[in-house]
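Asks: First, the structure itself, so that you have it in front of you.
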Number of protein chains: 2
Amino acid sequence: MKYLTNDKLTIVGAAGMIGSNMAQTAAMLGLTPNLCLYDPYAKGLEGVAEELYHCGFESSHITFTSDIKEAFKDTKYIVSSGGAPRKAGMTREDLLAGNSQIAEQLGKDIKSYCPDVKHVVIIFNPADITGLVTLLYSGLKPCQVTTLAALDSTRLRNELTKYFHVNPEDVTGCRTYGGHGEQMAVFASTAKVAGKPLASLIGNEISQEEWAALRVRVIQGGKKIIELRGRSSFQSPAYLAIRMIEAAMGGSEFGWPVGTYINNGKYANIMMAWETKLGKNGVELQELDGTAEEMKELDQSYVHLCKLRDEVIEMGVMPKISDWPSINPNLK
Amino acid sequence: MKYLTNDKLTIVGAAGMIGSNMAQTAAMLGLTPNLCLYDPYAKGLEGVAEELYHCGFESSHITFTSDIKEAFKDTKYIVSSGGAPRKAGMTREDLLAGNSQIAEQLGKDIKSYCPDVKHVVIIFNPADITGLVTLLYSGLKPCQVTTLAALDSTRLRNELTKYFHVNPEDVTGCRTYGGHGEQMAVFASTAKVAGKPLASLIGNEISQEEWAALRVRVIQGGKKIIELRGRSSFQSPAYLAIRMIEAAMGGSEFGWPVGTYINNGKYANIMMAWETKLGKNGVELQELDGTAEEMKELDQSYVHLCKLRDEVIEMGVMPKISDWPSINPNLK
């Protein structure tokens, strides 16, 4: 089997549904023969490792450990789905606090055990925040930490495909930026359906009401999976996250927005979905091309993300922004 | 994206854990852009389809239906994980009867709706029997229906890898034939560990007792997954089954034994794990190369499988063997 790289890839949270799917996906796509599975839940982790061994992958060295130091030793790539899920009785704030703290520890572990890691992809919720916290405490450069932010765009393509009864390849340029779900900014001006700009279809081939309803379906794409399957989405986040790390390894291009650190004057000290090129040198930011209205939507999305970030600062998980450079000089 | 074929592939049982993993695996490995998901459980099926749509696969036309006629129309390849799982209070015979009846219907549906199908892979338990029943009622040729039988061999490699602390590629030629699990025949003479024949290691570098214990671990590989993960194995059967259908499409070679119809005088009217080449023309049987003792083990495995088959005949799901050619002339 031909692999993309021999560098070590560590999957954090590998005992879970997303993590175990990521492990299988990484092995199947031939990313690296040097795959390490980490999870604090040792029993389930061993079960996932056994499943992969039973796949009989060729010349694939898959290891597993519940020792984070061992998991991160010499690793060059990390994908983490290792957050806590929302449990009964938990408030949104509880989840935010809990996963931000997990991200803080993750960042510190990266700094301690694998400061030479090349790229880290974060996919546990809320990823814009957990990615930001990880970036801060890891000491890595902004181009080295990304978050999964493609699902809103793929869900937009999916809903347009169904609405217009066309094939997936006939819907191009679907882009949402900024935050996730309700907070996303939909860039209808970049999307085309069968060659026609989506913006020109709205109000004509799709009424404003139907477009609004379609947007709601995009936002609730994850909720719908829970209703239909009785479990959270795991296949699509796992697949897309592995495609991101594949791109960061120098493999196939990742054709969707990614969550990345933005600090360009207009948008400051925030992680959000953006147009990027993801490659061996990490993230390269691209220009966003939107109408005035779309940029306004993005501004609103940014404001919302700032509030979330400031909540986490308020909680004491992150210091105030002026202190960030003392923790991570790359965030000057 | 480059696909192996444009022929339609139908995944039966796509709402389940194995089926949904197979669907994702087939899409990721680029088998065909023409992928159809079938399951009688419409709600869960839609959830799986949505997950795949959210993956944003390029130019992949994934359809789903709970109408078997639509699912099988013009299909050229089928993989079925669509059996019923064993439920509390169910005897082994209940499971055998229930899944044999499901296989009978599957075979009849193939005959009715897609007699021009090229290859069918069966993976629901007991696969040696459900595969045989499907073959009988489908009217297909023996070379066109195979069953998943690789897991014992991959588990043997896994246990040897762990026992001898070597890398997976250092353990070659792991082969079990005949039935599955306790009934398998292990061919230690074909296996090598770091270049040394396994047969020469047994009694030396691994004691007879340890070898017996290792064999038990191979047999209980599936049980161990349940203990560790709290759920049946699904990733490895899904992956291996898709690799089988990939080989049948003319893609990468499938390097493990497959379950196939054997009727060579010595072993008659039975489906069991065998050495084969699986390709565009279906299964080509290869010679088995074993010691006298191994062949004896295979004989015992065959006797056990015959008993199982005769139970199903006794139940009335299959007619007596002499009547098979009247149902499927290819079984003369």
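Just remember, in the structure tokens the first chain shown is A, the second B, etc., residues are 1-based per chain, and ligands are 1-based in the order shown.
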Would you mind listing what lies within 6 Å of Ala185 in chain B as a tab-separated table (two decimals) with N, CA and C atoms, in the first residue's frame, with only C-alpha atoms counted and same-chain residues fewer than 4 positions away left out?
Replies:
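Output file part_17.tsv is given in full below:
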chain	number	residue	atom	x	y	z
B	176	THR	N	-7.48	-19.42	7.19
B	176	THR	CA	-8.40	-20.39	7.77
B	176	THR	C	-9.43	-20.69	6.71
B	177	TYR	N	-9.81	-21.94	6.60
B	177	TYR	CA	-10.77	-22.37	5.58
B	177	TYR	C	-11.94	-23.09	6.25
B	178	GLY	N	-12.92	-23.42	5.44
B	178	GLY	CA	-14.07	-24.16	5.95
B	178	GLY	C	-15.06	-23.23	6.62
B	297	GLU	N	-8.78	-31.41	9.50
B	297	GLU	CA	-9.53	-30.35	10.19
B	297	GLU	C	-10.59	-29.75	9.26
B	298	LEU	N	-10.19	-29.60	8.01
B	298	LEU	CA	-11.13	-29.05	7.02
B	298	LEU	C	-12.30	-30.02	6.80
Asks: Give me the residues near Leu52 in chain B as an mmCIF file with C-alpha atoms, in the first residue's frame, where near means some atom within 7 Å (using only C-alpha atoms) and where sequence neighbours in that chain fewer than 3 positions away do not count.
Replies:
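The resulting file, out09.cif, is shown below:
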data_model
loop_
_atom_site.group_PDB
_atom_site.id
_atom_site.type_symbol
_atom_site.label_atom_id
_atom_site.label_comp_id
_atom_site.auth_asym_id
_atom_site.auth_seq_id
_atom_site.Cartn_x
_atom_site.Cartn_y
_atom_site.Cartn_z
ATOM 1 C CA SER A 236 -19.691 13.081 7.892
ATOM 2 C CA GLN B 24 -19.309 5.272 3.422
ATOM 3 C CA VAL B 48 -27.570 7.366 6.688
ATOM 4 C CA ALA B 49 -28.150 8.876 3.244
ATOM 5 C CA CYS B 55 -19.773 14.232 3.378
#
Asks: Show which residues sit within 8 Å of range 316-332 of chain B, as a VMD selection string. Count only C-alpha atoms, and ignore same-chain residues fewer than 2 positions away.
Replies: chain B and resid 97 100 to 101 104 133 136 to 142 269 312 to 314
Asks: Those residues with C-alpha atoms, as a JSON list (two decimals), in the first residue's frame please?
Replies:
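Once everything was written out, this is selection-v8.json:
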[["chain", "number", "residue", "atom", "x", "y", "z"],
["B", 97, "ALA", "CA", -34.41, -20.03, 10.48],
["B", 100, "SER", "CA", -32.29, -18.27, 6.09],
["B", 101, "GLN", "CA", -35.76, -17.04, 5.21],
["B", 104, "GLU", "CA", -34.43, -16.96, 0.49],
["B", 133, "VAL", "CA", -29.61, -20.05, 0.35],
["B", 136, "LEU", "CA", -29.89, -21.27, -4.62],
["B", 137, "TYR", "CA", -32.85, -18.93, -4.99],
["B", 138, "SER", "CA", -31.09, -16.23, -7.03],
["B", 139, "GLY", "CA", -30.44, -18.55, -9.95],
["B", 140, "LEU", "CA", -26.93, -17.11, -10.20],
["B", 141, "LYS", "CA", -23.79, -19.06, -10.95],
["B", 142, "PRO", "CA", -21.70, -20.25, -8.00],
["B", 269, "ASN", "CA", -23.08, -28.65, -2.24],
["B", 312, "VAL", "CA", -32.08, -25.64, 7.05],
["B", 313, "ILE", "CA", -33.31, -28.27, 4.60],
["B", 314, "GLU", "CA", -35.13, -29.92, 7.51]]
Asks: Using only C-alpha atoms, find which residues of chain B lie within 7 Å of chain A and jot them down as a list in words.
Replies: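 Every residue meeting the condition is included here: Lys43, Gly44, Glu46, Gly47, Glu51, Leu52, Tyr53, His54, Cys55, Gly56, Glu58, Ser59, His61, Leu151, Thr154, Arg155, Asn158, Asn167, Pro168, Glu169, Ile225, Leu228, Arg229, Ser233, Gln235, Ser236, Tyr239 and Leu240 of chain B.
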Asks: Pick out each residue of range 28-270 of chain A that DSSP on the backbone tags as strand (DSSP E); I need them as number ranges by chain.
Replies: A: 34-38, 61-65, 77-80, 119-122, 145-147, 171-172, 176-178, 184-186, 192-193, 196-197, 258-262, 270
Asks: I want to know what sits within 7 Å of range 81-85 of chain B, based on only C-alpha atoms, with residues of the same chain fewer than 3 positions away left out; could you give that as a ChimeraX atom specification?
Replies: /B:12-13,18-19,99,102,122-124
Asks: Which of range 43-203 of chain B end up as helix (DSSP H, G or I) when DSSP is run on this backbone - answer as a ChimeraX atom specification?
Replies: /B:43-55,68-72,92-113,127-138,142-144,151-163,168-170,181-183,198-201
Asks: Could the residues in this selection be saved with C-alpha atoms as a PDB file, in the first residue's frame?
Replies:
ATOM      1  CA  LYS B  43     -36.235   6.478   8.709  1.00  0.00           C
ATOM      2  CA  GLY B  44     -32.802   5.216   9.654  1.00  0.00           C
ATOM      3  CA  LEU B  45     -31.974   4.770   5.986  1.00  0.00           C
ATOM      4  CA  GLU B  46     -32.686   8.410   5.239  1.00  0.00           C
ATOM      5  CA  GLY B  47     -30.451   9.337   8.166  1.00  0.00           C
ATOM      6  CA  VAL B  48     -27.570   7.366   6.688  1.00  0.00           C
ATOM      7  CA  ALA B  49     -28.150   8.876   3.244  1.00  0.00           C
ATOM      8  CA  GLU B  50     -28.129  12.365   4.769  1.00  0.00           C
ATOM      9  CA  GLU B  51     -24.846  11.597   6.528  1.00  0.00           C
ATOM     10  CA  LEU B  52     -23.326  10.618   3.192  1.00  0.00           C
ATOM     11  CA  TYR B  53     -24.706  13.716   1.488  1.00  0.00           C
ATOM     12  CA  HIS B  54     -23.127  15.785   4.256  1.00  0.00           C
ATOM     13  CA  CYS B  55     -19.773  14.232   3.378  1.00  0.00           C
ATOM     14  CA  ILE B  68     -36.460  -3.552  -3.113  1.00  0.00           C
ATOM     15  CA  LYS B  69     -37.557  -3.496  -6.740  1.00  0.00           C
ATOM     16  CA  GLU B  70     -36.220   0.018  -7.177  1.00  0.00           C
ATOM     17  CA  ALA B  71     -33.068  -0.837  -5.228  1.00  0.00           C
ATOM     18  CA  PHE B  72     -32.295  -3.799  -7.478  1.00  0.00           C
ATOM     19  CA  ARG B  92     -29.590 -20.294  17.608  1.00  0.00           C
ATOM     20  CA  GLU B  93     -32.196 -22.177  15.572  1.00  0.00           C
ATOM     21  CA  ASP B  94     -34.522 -19.161  15.577  1.00  0.00           C
ATOM     22  CA  LEU B  95     -31.717 -17.039  14.177  1.00  0.00           C
ATOM     23  CA  LEU B  96     -30.799 -19.681  11.630  1.00  0.00           C
ATOM     24  CA  ALA B  97     -34.414 -20.032  10.478  1.00  0.00           C
ATOM     25  CA  GLY B  98     -35.068 -16.285  10.390  1.00  0.00           C
ATOM     26  CA  ASN B  99     -31.959 -15.329   8.473  1.00  0.00           C
ATOM     27  CA  SER B 100     -32.285 -18.271   6.092  1.00  0.00           C
ATOM     28  CA  GLN B 101     -35.762 -17.037   5.210  1.00  0.00           C
ATOM     29  CA  ILE B 102     -34.395 -13.525   4.679  1.00  0.00           C
ATOM     30  CA  ALA B 103     -31.747 -15.034   2.385  1.00  0.00           C
ATOM     31  CA  GLU B 104     -34.434 -16.959   0.488  1.00  0.00           C
ATOM     32  CA  GLN B 105     -36.342 -13.745  -0.156  1.00  0.00           C
ATOM     33  CA  LEU B 106     -33.121 -11.960  -1.122  1.00  0.00           C
ATOM     34  CA  GLY B 107     -32.350 -14.683  -3.656  1.00  0.00           C
ATOM     35  CA  LYS B 108     -35.854 -14.503  -5.090  1.00  0.00           C
ATOM     36  CA  ASP B 109     -35.683 -10.717  -5.320  1.00  0.00           C
ATOM     37  CA  ILE B 110     -32.396 -10.960  -7.198  1.00  0.00           C
ATOM     38  CA  LYS B 111     -33.981 -13.423  -9.626  1.00  0.00           C
ATOM     39  CA  SER B 112     -37.029 -11.148 -10.097  1.00  0.00           C
ATOM     40  CA  TYR B 113     -35.437  -7.735 -10.261  1.00  0.00           C
ATOM     41  CA  ALA B 127     -22.999 -16.395   6.208  1.00  0.00           C
ATOM     42  CA  ASP B 128     -22.030 -19.847   4.930  1.00  0.00           C
ATOM     43  CA  ILE B 129     -25.706 -20.771   5.102  1.00  0.00           C
ATOM     44  CA  THR B 130     -27.312 -17.466   4.111  1.00  0.00           C
ATOM     45  CA  GLY B 131     -24.925 -17.271   1.162  1.00  0.00           C
ATOM     46  CA  LEU B 132     -25.872 -20.771   0.075  1.00  0.00           C
ATOM     47  CA  VAL B 133     -29.608 -20.052   0.345  1.00  0.00           C
ATOM     48  CA  THR B 134     -29.184 -16.799  -1.586  1.00  0.00           C
ATOM     49  CA  LEU B 135     -27.229 -18.587  -4.310  1.00  0.00           C
ATOM     50  CA  LEU B 136     -29.893 -21.274  -4.616  1.00  0.00           C
ATOM     51  CA  TYR B 137     -32.850 -18.929  -4.988  1.00  0.00           C
ATOM     52  CA  SER B 138     -31.091 -16.235  -7.030  1.00  0.00           C
ATOM     53  CA  PRO B 142     -21.697 -20.254  -8.002  1.00  0.00           C
ATOM     54  CA  CYS B 143     -18.877 -17.906  -9.044  1.00  0.00           C
ATOM     55  CA  GLN B 144     -21.220 -14.919  -8.609  1.00  0.00           C
ATOM     56  CA  LEU B 151     -12.273 -12.316   9.537  1.00  0.00           C
ATOM     57  CA  ASP B 152     -10.870 -15.536  10.995  1.00  0.00           C
ATOM     58  CA  SER B 153      -7.755 -15.115   8.874  1.00  0.00           C
ATOM     59  CA  THR B 154      -7.269 -11.434   9.721  1.00  0.00           C
ATOM     60  CA  ARG B 155      -7.842 -12.231  13.389  1.00  0.00           C
ATOM     61  CA  LEU B 156      -5.238 -15.000  13.176  1.00  0.00           C
ATOM     62  CA  ARG B 157      -2.752 -12.517  11.740  1.00  0.00           C
ATOM     63  CA  ASN B 158      -3.633 -10.059  14.487  1.00  0.00           C
ATOM     64  CA  GLU B 159      -3.094 -12.573  17.289  1.00  0.00           C
ATOM     65  CA  LEU B 160       0.214 -13.756  15.791  1.00  0.00           C
ATOM     66  CA  THR B 161       1.366 -10.161  15.394  1.00  0.00           C
ATOM     67  CA  LYS B 162       0.674  -9.507  19.049  1.00  0.00           C
ATOM     68  CA  TYR B 163       2.097 -12.792  20.316  1.00  0.00           C
ATOM     69  CA  PRO B 168       1.558  -6.894  10.584  1.00  0.00           C
ATOM     70  CA  GLU B 169       3.493  -7.222   7.322  1.00  0.00           C
ATOM     71  CA  ASP B 170       5.847  -9.701   9.009  1.00  0.00           C
ATOM     72  CA  GLY B 181     -15.201 -19.451  14.354  1.00  0.00           C
ATOM     73  CA  GLU B 182     -15.048 -22.716  16.261  1.00  0.00           C
ATOM     74  CA  GLN B 183     -15.545 -24.669  13.068  1.00  0.00           C
ATOM     75  CA  LEU B 198       4.316 -20.951  11.720  1.00  0.00           C
ATOM     76  CA  ALA B 199       4.194 -24.749  11.806  1.00  0.00           C
ATOM     77  CA  SER B 200       7.886 -24.806  12.754  1.00  0.00           C
ATOM     78  CA  LEU B 201       7.278 -22.334  15.578  1.00  0.00           C
TER      79      LEU B 201
END
Asks: Taking 6 positions as the minimum chain separation for residues in the same chain, which residues sit within 12 Å of Ser189 in chain B when counting only C-alpha atoms? Answer as a PyMOL selection string.
Replies: chain B and resi 172-176+196-202+288-295
